[in-house]
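Trainee: Just so it is clear, I am handing over entry-v1.cif, which has mmCIF, C-alpha atoms.
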```
data_query
loop_
_atom_site.label_atom_id
_atom_site.label_comp_id
_atom_site.auth_asym_id
_atom_site.auth_seq_id
_atom_site.Cartn_x
_atom_site.Cartn_y
_atom_site.Cartn_z
CA ASP A 109 9.89 -23.86 -2.84
CA SER A 110 7.74 -20.89 -1.79
CA GLY A 111 4.55 -22.81 -2.57
CA VAL A 112 3.47 -19.96 -4.87
CA GLU A 113 4.01 -20.70 -8.56
CA TRP A 114 5.02 -17.22 -9.70
CA ILE A 115 7.33 -16.59 -6.72
CA GLY A 116 9.30 -19.82 -7.13
CA GLN A 117 12.14 -20.49 -4.73
CA VAL A 118 13.14 -18.32 -1.77
CA PRO A 119 16.07 -18.71 0.66
CA GLU A 120 15.45 -21.44 3.24
CA HIS A 121 15.35 -19.01 6.17
CA TRP A 122 12.61 -16.89 4.55
CA GLU A 123 8.89 -17.47 4.99
CA VAL A 124 6.05 -16.87 2.57
CA LYS A 125 3.08 -15.35 4.37
CA ARG A 126 -0.14 -13.78 3.25
CA LEU A 127 -0.36 -10.01 3.60
CA ARG A 128 -3.09 -10.48 6.23
CA HIS A 129 -0.46 -12.05 8.53
CA VAL A 130 2.04 -9.24 7.96
CA GLY A 131 -0.15 -6.15 8.29
CA ARG A 132 -3.58 -4.70 8.93
CA TYR A 133 -5.33 -3.17 5.95
CA ALA A 134 -8.51 -1.21 5.34
CA ASN A 135 -10.20 0.51 2.43
CA SER A 136 -10.68 4.21 3.01
CA GLY A 137 -14.10 5.71 2.49
CA VAL A 138 -13.01 9.31 3.09
CA ASP A 139 -14.37 11.23 0.11
CA LYS A 140 -13.48 14.60 -1.40
CA LYS A 141 -16.54 16.37 -0.05
CA SER A 142 -16.47 18.59 3.00
CA TYR A 143 -19.13 18.45 5.70
CA GLU A 144 -19.81 21.02 8.44
CA ASP A 145 -19.96 18.42 11.22
CA GLN A 146 -16.49 17.02 10.41
CA GLN A 147 -12.92 18.17 11.00
CA ALA A 148 -10.74 19.76 8.30
CA VAL A 149 -8.00 17.49 6.91
CA GLU A 150 -5.65 17.23 3.99
CA LEU A 151 -6.59 14.33 1.73
CA CYS A 152 -4.10 11.95 0.12
CA ASN A 153 -5.93 11.00 -3.08
CA TYR A 154 -5.65 8.27 -5.70
CA THR A 155 -3.46 10.39 -8.00
CA ASP A 156 -1.12 11.26 -5.10
CA VAL A 157 -0.46 7.53 -4.66
CA TYR A 158 -0.53 6.58 -8.33
CA TYR A 159 2.06 9.19 -9.39
CA ASN A 160 4.34 9.16 -6.32
CA GLU A 161 6.42 6.35 -4.89
CA PHE A 162 6.60 8.17 -1.55
CA ILE A 163 4.03 10.36 0.19
CA SER A 164 5.73 13.34 1.85
CA ASP A 165 5.09 16.64 3.61
CA GLY A 166 5.84 18.86 0.62
CA MET A 167 3.05 17.48 -1.52
CA PRO A 168 0.01 19.68 -2.26
CA PHE A 169 -2.89 17.74 -0.76
CA MET A 170 -6.57 18.49 -1.32
CA GLN A 171 -8.51 20.13 1.52
CA ALA A 172 -11.47 18.09 2.77
CA THR A 173 -13.11 16.93 6.00
CA ALA A 174 -13.30 13.62 7.83
CA SER A 175 -15.03 12.21 10.90
CA ALA A 176 -13.10 11.66 14.14
CA HIS A 177 -13.19 7.90 13.51
CA GLU A 178 -11.85 8.31 9.94
CA ILE A 179 -9.07 10.57 11.19
CA GLU A 180 -8.11 8.04 13.84
CA GLN A 181 -8.11 5.14 11.38
CA PHE A 182 -6.69 6.76 8.22
CA THR A 183 -4.20 9.45 9.33
CA LEU A 184 -0.91 8.66 7.59
CA LYS A 185 1.78 7.28 9.88
CA LYS A 186 5.42 6.39 9.37
CA GLY A 187 5.66 2.98 7.71
CA ASP A 188 2.20 2.97 6.11
CA VAL A 189 1.80 1.65 2.59
CA ILE A 190 -1.11 2.92 0.51
CA ILE A 191 -2.28 1.14 -2.64
CA THR A 192 -4.75 1.92 -5.40
CA LYS A 193 -7.64 -0.52 -5.05
CA ASP A 194 -9.61 0.02 -8.24
CA SER A 195 -9.27 1.39 -11.77
CA GLU A 196 -10.54 1.15 -15.35
CA ASP A 197 -7.41 -0.91 -16.14
CA PRO A 198 -6.45 -3.93 -14.00
CA SER A 199 -2.74 -3.14 -14.49
CA ASP A 200 -3.28 0.10 -12.52
CA ILE A 201 -4.48 -1.75 -9.43
CA GLY A 202 -2.25 -2.23 -6.42
CA ILE A 203 0.11 0.65 -7.20
CA PRO A 204 1.84 1.34 -3.85
CA ALA A 205 3.23 4.46 -2.19
CA PHE A 206 5.19 4.50 1.06
CA VAL A 207 4.81 6.97 3.94
CA PRO A 208 8.30 7.52 5.42
CA HIS A 209 7.23 9.94 8.19
CA ASP A 210 4.20 10.61 10.39
CA MET A 211 1.86 13.04 8.64
CA PRO A 212 -0.60 14.44 11.19
CA GLY A 213 -3.59 16.04 9.50
CA VAL A 214 -3.18 14.04 6.26
CA VAL A 215 -5.78 11.31 5.74
CA CYS A 216 -5.91 8.45 3.22
CA GLY A 217 -8.73 9.07 0.74
CA TYR A 218 -11.34 7.09 -1.18
CA HIS A 219 -10.33 4.42 -3.78
CA LEU A 220 -7.26 3.60 -1.68
CA THR A 221 -6.32 0.87 0.78
CA MET A 222 -4.05 1.63 3.71
CA ILE A 223 -1.72 -1.12 4.89
CA ARG A 224 -0.14 -0.80 8.32
CA ALA A 225 2.57 -3.33 9.15
CA LEU A 226 2.25 -5.42 12.28
CA ASN A 227 5.98 -4.87 12.86
CA ASP A 228 7.83 -1.57 12.34
CA ASN A 229 10.45 -3.26 10.16
CA TYR A 230 7.96 -4.42 7.55
CA GLY A 231 6.60 -1.14 6.12
CA SER A 232 9.27 -0.25 3.58
CA TYR A 233 9.77 -3.91 2.71
CA ILE A 234 6.02 -4.42 2.16
CA HIS A 235 6.09 -1.39 -0.16
CA ARG A 236 8.84 -2.96 -2.27
CA SER A 237 7.19 -6.38 -2.14
CA ILE A 238 3.95 -4.95 -3.52
CA GLN A 239 5.94 -3.43 -6.40
CA SER A 240 7.25 -6.89 -7.32
CA ASP A 241 6.07 -8.80 -10.36
CA HIS A 242 4.60 -11.61 -8.25
CA THR A 243 2.34 -9.29 -6.24
CA ARG A 244 1.37 -7.29 -9.33
CA ALA A 245 0.44 -10.60 -11.06
CA HIS A 246 -1.66 -11.64 -8.05
CA PHE A 247 -3.57 -8.34 -8.08
CA PHE A 248 -4.01 -8.41 -11.88
CA VAL A 249 -5.39 -11.96 -11.93
CA GLU A 250 -7.61 -11.47 -8.88
CA SER A 251 -9.23 -8.13 -9.86
CA PRO A 252 -12.69 -8.80 -11.26
CA GLY A 253 -14.40 -6.38 -13.58
CA ILE A 254 -15.45 -5.45 -17.09
CA THR A 255 -15.25 -1.65 -17.31
CA ARG A 256 -14.01 -1.08 -13.74
CA TYR A 257 -11.70 -3.45 -11.88
CA GLY A 258 -11.20 -3.67 -8.14
CA LEU A 259 -9.49 -5.49 -5.33
CA ASN A 260 -11.61 -6.84 -2.51
CA GLN A 261 -10.35 -7.26 1.04
CA ASN A 262 -9.80 -11.00 0.63
CA THR A 263 -7.63 -10.55 -2.47
CA ILE A 264 -5.49 -7.93 -0.74
CA GLY A 265 -5.14 -10.10 2.36
CA ASN A 266 -4.21 -13.17 0.31
CA ALA A 267 -1.35 -11.45 -1.51
CA PRO A 268 1.78 -13.55 -0.86
CA VAL A 269 4.79 -11.84 0.70
CA ALA A 270 8.21 -13.53 0.61
CA LEU A 271 9.44 -12.54 4.05
CA PRO A 272 13.06 -12.56 5.20
CA PRO A 273 14.01 -11.83 8.84
CA PRO A 274 13.55 -8.15 9.88
CA GLU A 275 17.21 -7.17 9.49
CA GLU A 276 17.22 -8.50 5.92
CA GLN A 277 13.94 -6.71 5.19
CA ALA A 278 15.51 -3.43 6.29
CA ALA A 279 18.66 -4.06 4.24
CA ILE A 280 16.72 -5.06 1.11
CA ALA A 281 14.38 -2.06 1.34
CA ALA A 282 17.29 0.35 1.99
CA THR A 283 19.23 -1.04 -0.98
CA LEU A 284 16.22 -0.75 -3.28
CA ASP A 285 15.50 2.80 -2.04
CA ARG A 286 19.13 3.85 -2.57
CA GLU A 287 19.49 2.27 -6.01
CA THR A 288 16.11 3.51 -7.21
CA ALA A 289 17.00 7.07 -6.11
CA ARG A 290 20.39 6.78 -7.87
CA ILE A 291 18.77 5.56 -11.10
CA ASP A 292 16.05 8.23 -10.93
#
```
If you took the structure in this file and wrote it as C-alpha coordinates, what would it be?

Mentor:
Amino acid sequence: DSGVEWIGQVPEHWEVKRLRHVGRYANSGVDKKSYEDQQAVELCNYTDVYYNEFISDGMPFMQATASAHEIEQFTLKKGDVIITKDSEDPSDIGIPAFVPHDMPGVVCGYHLTMIRALNDNYGSYIHRSIQSDHTRAHFFVESPGITRYGLNQNTIGNAPVALPPPEEQAAIAATLDRETARID
(Lines of atoms letter the chains of each structure in order from A and count residues from 1; the text may use other names and numbers.)
(Lines give C-alpha, C1' and ligand atoms only; values in the text may rest on other atoms or scores of the structure.)
Protein backbone atom coordinates (compact mmCIF):
# COMPACT_ATOMS: atom_id res chain seq x y z
CA ASP A 1 0.00 0.00 0.00
CA SER A 2 1.45 3.36 -1.06
CA GLY A 3 -0.10 5.09 1.94
CA VAL A 4 -1.80 7.56 -0.42
CA GLU A 5 -5.48 6.80 -1.03
CA TRP A 6 -5.67 7.79 -4.69
CA ILE A 7 -2.38 6.09 -5.63
CA GLY A 8 -3.29 2.72 -4.10
CA GLN A 9 -0.80 -0.10 -4.40
CA VAL A 10 2.67 0.12 -5.94
CA PRO A 11 5.26 -2.64 -6.50
CA GLU A 12 7.07 -3.61 -3.29
CA HIS A 13 10.45 -2.32 -4.48
CA TRP A 14 9.05 1.17 -5.23
CA GLU A 15 8.92 4.02 -2.74
CA VAL A 16 6.39 6.80 -2.38
CA LYS A 17 8.14 10.09 -1.65
CA ARG A 18 7.05 13.68 -1.57
CA LEU A 19 8.23 15.83 -4.46
CA ARG A 20 10.35 17.85 -2.01
CA HIS A 21 12.52 14.73 -1.49
CA VAL A 22 12.90 14.09 -5.22
CA GLY A 23 13.67 17.57 -6.55
CA ARG A 24 14.23 21.23 -5.82
CA TYR A 25 11.50 23.59 -6.93
CA ALA A 26 11.00 27.34 -7.06
CA ASN A 27 8.38 29.75 -8.35
CA SER A 28 9.74 32.08 -10.99
CA GLY A 29 9.19 35.80 -10.60
CA VAL A 30 10.72 36.74 -13.96
CA ASP A 31 8.12 38.98 -15.59
CA LYS A 32 7.54 40.03 -19.20
CA LYS A 33 8.90 43.53 -18.74
CA SER A 34 12.36 44.56 -19.82
CA TYR A 35 14.63 46.68 -17.65
CA GLU A 36 17.80 48.55 -18.72
CA ASP A 37 19.87 47.24 -15.80
CA GLN A 38 19.16 43.57 -16.64
CA GLN A 39 20.40 41.12 -19.26
CA ALA A 40 18.41 40.17 -22.37
CA VAL A 41 16.85 36.68 -22.26
CA GLU A 42 14.24 34.61 -24.00
CA LEU A 43 11.28 33.95 -21.71
CA CYS A 44 9.47 30.61 -21.44
CA ASN A 45 5.95 31.75 -20.54
CA TYR A 46 2.82 30.14 -19.11
CA THR A 47 1.33 29.44 -22.56
CA ASP A 48 4.60 27.85 -23.73
CA VAL A 49 4.25 25.31 -20.90
CA TYR A 50 0.47 24.96 -21.03
CA TYR A 51 0.34 24.16 -24.76
CA ASN A 52 3.55 22.12 -25.12
CA GLU A 53 4.53 18.84 -23.51
CA PHE A 54 8.20 19.56 -24.25
CA ILE A 55 10.09 22.86 -24.29
CA SER A 56 12.57 22.93 -27.18
CA ASP A 57 14.95 25.17 -29.11
CA GLY A 58 12.66 25.76 -32.08
CA MET A 59 9.95 27.47 -30.06
CA PRO A 60 9.39 31.23 -30.49
CA PHE A 61 10.08 32.64 -27.03
CA MET A 62 9.29 36.18 -25.91
CA GLN A 63 12.19 38.62 -25.54
CA ALA A 64 12.59 40.04 -22.03
CA THR A 65 15.26 40.76 -19.41
CA ALA A 66 16.26 39.14 -16.14
CA SER A 67 18.70 39.80 -13.31
CA ALA A 68 21.93 37.79 -13.04
CA HIS A 69 20.44 35.91 -10.06
CA GLU A 70 17.24 35.07 -11.99
CA ILE A 71 19.29 33.86 -14.95
CA GLU A 72 21.38 31.65 -12.69
CA GLN A 73 18.33 30.19 -10.95
CA PHE A 74 15.82 29.90 -13.80
CA THR A 75 17.78 29.17 -17.00
CA LEU A 76 16.30 26.00 -18.48
CA LYS A 77 18.50 22.93 -18.14
CA LYS A 78 18.22 19.38 -19.41
CA GLY A 79 15.86 17.42 -17.16
CA ASP A 80 13.92 20.40 -15.79
CA VAL A 81 10.17 20.14 -15.39
CA ILE A 82 8.12 23.32 -15.48
CA ILE A 83 4.53 23.46 -14.21
CA THR A 84 1.76 26.04 -14.29
CA LYS A 85 1.21 27.21 -10.72
CA ASP A 86 -1.98 29.25 -10.96
CA SER A 87 -5.04 29.76 -13.16
CA GLU A 88 -8.70 30.80 -13.22
CA ASP A 89 -9.57 27.08 -13.34
CA PRO A 90 -8.08 24.63 -10.81
CA SER A 91 -7.96 21.89 -13.48
CA ASP A 92 -5.38 24.01 -15.36
CA ILE A 93 -2.95 23.98 -12.44
CA GLY A 94 0.11 21.76 -12.42
CA ILE A 95 0.28 21.28 -16.20
CA PRO A 96 3.87 20.09 -16.80
CA ALA A 97 6.35 20.51 -19.65
CA PHE A 98 9.73 18.78 -19.86
CA VAL A 99 13.03 20.33 -20.96
CA PRO A 100 14.98 17.61 -22.82
CA HIS A 101 18.09 19.72 -23.56
CA ASP A 102 20.03 22.61 -21.99
CA MET A 103 18.63 25.91 -23.23
CA PRO A 104 21.13 28.68 -22.47
CA GLY A 105 19.52 32.10 -22.68
CA VAL A 106 15.98 30.78 -22.07
CA VAL A 107 14.56 31.57 -18.63
CA CYS A 108 11.45 30.25 -16.86
CA GLY A 109 8.88 33.03 -16.55
CA TYR A 110 6.27 34.26 -14.08
CA HIS A 111 3.26 32.07 -13.07
CA LEU A 112 5.45 28.97 -13.44
CA THR A 113 7.31 26.68 -11.05
CA MET A 114 10.58 25.07 -12.10
CA ILE A 115 11.35 21.62 -10.73
CA ARG A 116 14.93 20.36 -10.94
CA ALA A 117 15.46 16.71 -10.04
CA LEU A 118 17.96 15.81 -7.36
CA ASN A 119 19.08 12.91 -9.57
CA ASP A 120 19.54 13.08 -13.36
CA ASN A 121 17.34 10.02 -13.88
CA TYR A 122 14.28 11.59 -12.31
CA GLY A 123 13.49 14.50 -14.66
CA SER A 124 11.53 12.76 -17.41
CA TYR A 125 9.91 10.43 -14.89
CA ILE A 126 8.84 13.37 -12.69
CA HIS A 127 7.30 14.95 -15.80
CA ARG A 128 5.22 11.84 -16.45
CA SER A 129 4.37 11.44 -12.77
CA ILE A 130 2.99 14.99 -12.64
CA GLN A 131 0.78 14.16 -15.63
CA SER A 132 -0.75 11.25 -13.70
CA ASP A 133 -4.26 11.33 -12.30
CA HIS A 134 -3.03 11.06 -8.71
CA THR A 135 -0.81 14.15 -8.95
CA ARG A 136 -3.45 16.10 -10.87
CA ALA A 137 -5.98 15.19 -8.12
CA HIS A 138 -3.55 16.36 -5.43
CA PHE A 139 -3.05 19.72 -7.16
CA PHE A 140 -6.78 20.15 -7.85
CA VAL A 141 -7.81 19.47 -4.24
CA GLU A 142 -4.99 21.54 -2.73
CA SER A 143 -5.36 24.69 -4.88
CA PRO A 144 -7.26 27.32 -2.92
CA GLY A 145 -9.15 30.10 -4.62
CA ILE A 146 -12.45 31.56 -5.74
CA THR A 147 -11.76 33.39 -9.01
CA ARG A 148 -8.05 32.55 -9.20
CA TYR A 149 -6.52 29.29 -7.97
CA GLY A 150 -2.90 28.66 -7.09
CA LEU A 151 -0.41 26.19 -5.76
CA ASN A 152 1.77 27.21 -2.86
CA GLN A 153 5.25 25.84 -2.25
CA ASN A 154 4.06 23.42 0.43
CA THR A 155 1.41 21.89 -1.84
CA ILE A 156 3.93 21.40 -4.64
CA GLY A 157 6.47 19.88 -2.26
CA ASN A 158 3.89 17.53 -0.74
CA ALA A 159 2.84 16.04 -4.08
CA PRO A 160 3.35 12.26 -3.79
CA VAL A 161 5.59 10.56 -6.34
CA ALA A 162 5.51 6.76 -6.73
CA LEU A 163 9.20 6.16 -7.30
CA PRO A 164 10.72 3.03 -8.85
CA PRO A 165 14.52 2.52 -9.00
CA PRO A 166 16.31 4.82 -11.52
CA GLU A 167 16.57 2.23 -14.30
CA GLU A 168 12.82 1.61 -14.13
CA GLN A 169 12.15 5.35 -14.10
CA ALA A 170 14.14 5.71 -17.31
CA ALA A 171 12.37 2.75 -18.94
CA ILE A 172 8.90 3.95 -17.91
CA ALA A 173 9.54 7.52 -19.11
CA ALA A 174 11.05 6.28 -22.42
CA THR A 175 8.08 3.97 -23.02
CA LEU A 176 5.58 6.74 -22.30
CA ASP A 177 7.51 9.18 -24.54
CA ARG A 178 7.65 6.66 -27.39
CA GLU A 179 4.00 5.61 -27.15
CA THR A 180 2.74 9.17 -26.75
CA ALA A 181 4.72 10.25 -29.84
CA ARG A 182 3.35 7.26 -31.79
CA ILE A 183 -0.24 8.07 -30.78
CA ASP A 184 0.22 11.78 -31.53

Trainee: Give the answer as one residue: which of A:Asp210, A:Glu276, A:Asp285, A:Asp188 has the shortest atom-to-atom distance to Tyr133 of chain A, using all atoms listed in the file?

Mentor: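 Comparing A:Asp210, A:Glu276, A:Asp285, A:Asp188 against Tyr133 of chain A, the winner is A:Asp188.
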
Trainee: Run through the PyMOL selection byres ((chain A and resi 141) around 8) on the given coordinates and return the selected residues as a ChimeraX atom specification.

Mentor: /A:139-140,142-143,172-173

Trainee: Using all atoms listed in the file, determine which residues lie at most 9 Å from Asp109 of chain A, disregarding the query and same-chain residues fewer than 3 positions distant; provide the list as an mmCIF file with C-alpha atoms, keeping the file's coordinate frame.

Mentor:
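Written file, result_4.cif:
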```cif
data_model
loop_
_atom_site.group_PDB
_atom_site.id
_atom_site.type_symbol
_atom_site.label_atom_id
_atom_site.label_comp_id
_atom_site.auth_asym_id
_atom_site.auth_seq_id
_atom_site.Cartn_x
_atom_site.Cartn_y
_atom_site.Cartn_z
ATOM 1 C CA VAL A 112 3.470 -19.960 -4.870
ATOM 2 C CA GLU A 113 4.010 -20.700 -8.560
ATOM 3 C CA ILE A 115 7.330 -16.590 -6.720
ATOM 4 C CA GLY A 116 9.300 -19.820 -7.130
ATOM 5 C CA GLN A 117 12.140 -20.490 -4.730
ATOM 6 C CA VAL A 118 13.140 -18.320 -1.770
ATOM 7 C CA PRO A 119 16.070 -18.710 0.660
ATOM 8 C CA GLU A 120 15.450 -21.440 3.240
#
```

Trainee: With all atoms listed in the file as the basis for distance, which of A:Leu220, A:Val215, A:Val138, A:Ala245 is at the shortest distance from Ala267 of chain A?

Mentor: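 Among A:Leu220, A:Val215, A:Val138, A:Ala245, it is A:Ala245 that comes nearest to Ala267 of chain A.
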
Trainee: Mind pulling up the distance from atom CA of Ile179 of chain A to atom CA of Ile203 of chain A?

Mentor: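 One can read the atom CA of Ile203 of chain A to atom CA of Ile179 of chain A distance as 22.8 Å.
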
Trainee: Using the chain letters and numbers from this file, what does the PyMOL selection byres ((chain A and resi 126) around 10) select? Give the answer as a PyMOL selection string.

Mentor: chain A and resi 123-125+127-131+263-271

Trainee: As a check of understanding, name the residues that the PyMOL selection byres ((chain A and resi 230-241) around 10) selects in the supplied structure, as number ranges by chain.

Mentor: A: 114-115, 127, 130-131, 161-162, 186-191, 202-208, 223-229, 242-247, 267-282, 284-285

Trainee: Applying 8 Å and only C-alpha atoms, which residues near segment 192-198 of chain A remain after dropping the ones on its own chain fewer than 2 positions away? List them as a ChimeraX atom specification.

Mentor: /A:135,154,157-158,190,200-204,219-221,247-248,251,255-260

Trainee: For each of A:Glu287, A:Asp292, A:Glu180, A:Asp156, take the minimum atom-to-atom distance to Gly213 of chain A, counting all atoms listed in the file, then give the residue where this is smallest.

Mentor: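 Among A:Glu287, A:Asp292, A:Glu180, A:Asp156, it is A:Glu180 that comes nearest to Gly213 of chain A.
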
Trainee: Between atom CA of Thr283 of chain A and atom CA of Trp122 of chain A, what is the spacing in Å?

Mentor: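 Separation of atom CA of Trp122 of chain A and atom CA of Thr283 of chain A: 18.0 Å.
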
Trainee: Go ahead and compute the interatomic distance for atom CA of Arg290 of chain A and atom CA of Leu184 of chain A, in Å to one decimal.

Mentor: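 According to the coordinates, atom CA of Arg290 of chain A and atom CA of Leu184 of chain A are separated by 26.4 Å.
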
Trainee: Which is closest to Val149 of chain A among A:Gly137, A:Gly217, A:Gly111, A:Gly253, if we use all atoms listed in the file?

Mentor: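 Ranking A:Gly137, A:Gly217, A:Gly111, A:Gly253 by distance to Val149 of chain A, first place goes to A:Gly217.
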
Trainee: Starting from the sparse input, extend segment 246-257 of chain A to all heavy atoms and give the output as a short mmCIF file (atom, residue, chain, number, x, y, z; two decimals), in the coordinates of the input.

Mentor:
```cif
data_model
loop_
_atom_site.label_atom_id
_atom_site.label_comp_id
_atom_site.auth_asym_id
_atom_site.auth_seq_id
_atom_site.Cartn_x
_atom_site.Cartn_y
_atom_site.Cartn_z
N HIS A 246 -0.56 -11.22 -8.93
CA HIS A 246 -1.66 -11.64 -8.05
C HIS A 246 -2.82 -10.65 -8.15
O HIS A 246 -3.97 -11.05 -8.34
CB HIS A 246 -1.15 -11.74 -6.61
CG HIS A 246 -2.23 -11.93 -5.59
ND1 HIS A 246 -2.85 -13.14 -5.37
CD2 HIS A 246 -2.82 -11.04 -4.75
CE1 HIS A 246 -3.76 -12.99 -4.43
NE2 HIS A 246 -3.77 -11.73 -4.03
N PHE A 247 -2.51 -9.36 -8.03
CA PHE A 247 -3.57 -8.34 -8.08
C PHE A 247 -4.24 -8.31 -9.46
O PHE A 247 -5.45 -8.19 -9.56
CB PHE A 247 -3.02 -6.97 -7.74
CG PHE A 247 -2.68 -6.77 -6.28
CD1 PHE A 247 -1.76 -5.82 -5.89
CD2 PHE A 247 -3.30 -7.52 -5.28
CE1 PHE A 247 -1.46 -5.62 -4.55
CE2 PHE A 247 -3.00 -7.34 -3.94
CZ PHE A 247 -2.07 -6.38 -3.58
N PHE A 248 -3.46 -8.44 -10.53
CA PHE A 248 -4.01 -8.41 -11.88
C PHE A 248 -4.98 -9.57 -12.10
O PHE A 248 -6.09 -9.38 -12.58
CB PHE A 248 -2.87 -8.47 -12.91
CG PHE A 248 -3.34 -8.34 -14.33
CD1 PHE A 248 -3.48 -7.09 -14.91
CD2 PHE A 248 -3.63 -9.47 -15.09
CE1 PHE A 248 -3.91 -6.97 -16.23
CE2 PHE A 248 -4.06 -9.35 -16.41
CZ PHE A 248 -4.20 -8.09 -16.98
N VAL A 249 -4.57 -10.77 -11.72
CA VAL A 249 -5.39 -11.96 -11.93
C VAL A 249 -6.64 -11.94 -11.05
O VAL A 249 -7.70 -12.40 -11.46
CB VAL A 249 -4.56 -13.24 -11.67
CG1 VAL A 249 -5.42 -14.47 -11.61
CG2 VAL A 249 -3.49 -13.39 -12.73
N GLU A 250 -6.52 -11.41 -9.85
CA GLU A 250 -7.61 -11.47 -8.88
C GLU A 250 -8.51 -10.23 -8.86
O GLU A 250 -9.30 -10.07 -7.94
CB GLU A 250 -7.03 -11.69 -7.48
CG GLU A 250 -6.29 -13.01 -7.32
CD GLU A 250 -7.20 -14.22 -7.44
OE1 GLU A 250 -8.39 -14.13 -7.10
OE2 GLU A 250 -6.71 -15.26 -7.90
N SER A 251 -8.39 -9.34 -9.85
CA SER A 251 -9.23 -8.13 -9.86
C SER A 251 -10.37 -8.29 -10.86
O SER A 251 -10.17 -8.15 -12.05
CB SER A 251 -8.38 -6.90 -10.20
OG SER A 251 -7.73 -7.06 -11.44
N PRO A 252 -11.55 -8.62 -10.36
CA PRO A 252 -12.69 -8.80 -11.26
C PRO A 252 -13.19 -7.48 -11.82
O PRO A 252 -13.02 -6.43 -11.22
CB PRO A 252 -13.75 -9.44 -10.35
CG PRO A 252 -13.42 -8.95 -8.99
CD PRO A 252 -11.93 -8.79 -8.96
N GLY A 253 -13.79 -7.55 -13.00
CA GLY A 253 -14.40 -6.38 -13.58
C GLY A 253 -14.54 -6.48 -15.09
O GLY A 253 -13.98 -7.38 -15.72
N ILE A 254 -15.28 -5.54 -15.65
CA ILE A 254 -15.45 -5.45 -17.09
C ILE A 254 -15.03 -4.06 -17.55
O ILE A 254 -14.18 -3.91 -18.39
CB ILE A 254 -16.90 -5.76 -17.51
CG1 ILE A 254 -17.23 -7.21 -17.17
CG2 ILE A 254 -17.09 -5.49 -19.00
CD1 ILE A 254 -18.67 -7.58 -17.37
N THR A 255 -15.64 -3.02 -16.99
CA THR A 255 -15.25 -1.65 -17.31
C THR A 255 -14.54 -0.99 -16.13
O THR A 255 -13.89 0.03 -16.29
CB THR A 255 -16.47 -0.78 -17.70
OG1 THR A 255 -17.38 -0.78 -16.61
CG2 THR A 255 -17.13 -1.33 -18.95
N ARG A 256 -14.68 -1.55 -14.95
CA ARG A 256 -14.01 -1.08 -13.74
C ARG A 256 -13.54 -2.32 -13.00
O ARG A 256 -14.30 -3.27 -12.84
CB ARG A 256 -14.98 -0.28 -12.86
CG ARG A 256 -14.35 0.34 -11.67
CD ARG A 256 -14.29 1.84 -11.86
NE ARG A 256 -13.55 2.44 -10.77
CZ ARG A 256 -12.62 3.35 -10.95
NH1 ARG A 256 -12.32 3.75 -12.16
NH2 ARG A 256 -11.99 3.88 -9.95
N TYR A 257 -12.29 -2.31 -12.56
CA TYR A 257 -11.70 -3.45 -11.88
C TYR A 257 -11.37 -3.06 -10.44
O TYR A 257 -11.04 -1.90 -10.18
CB TYR A 257 -10.42 -3.90 -12.59
CG TYR A 257 -10.68 -4.30 -14.03
CD1 TYR A 257 -10.70 -3.35 -15.03
CD2 TYR A 257 -10.92 -5.61 -14.36
CE1 TYR A 257 -10.96 -3.70 -16.35
CE2 TYR A 257 -11.18 -6.00 -15.67
CZ TYR A 257 -11.20 -5.02 -16.66
OH TYR A 257 -11.46 -5.38 -17.96
#
```
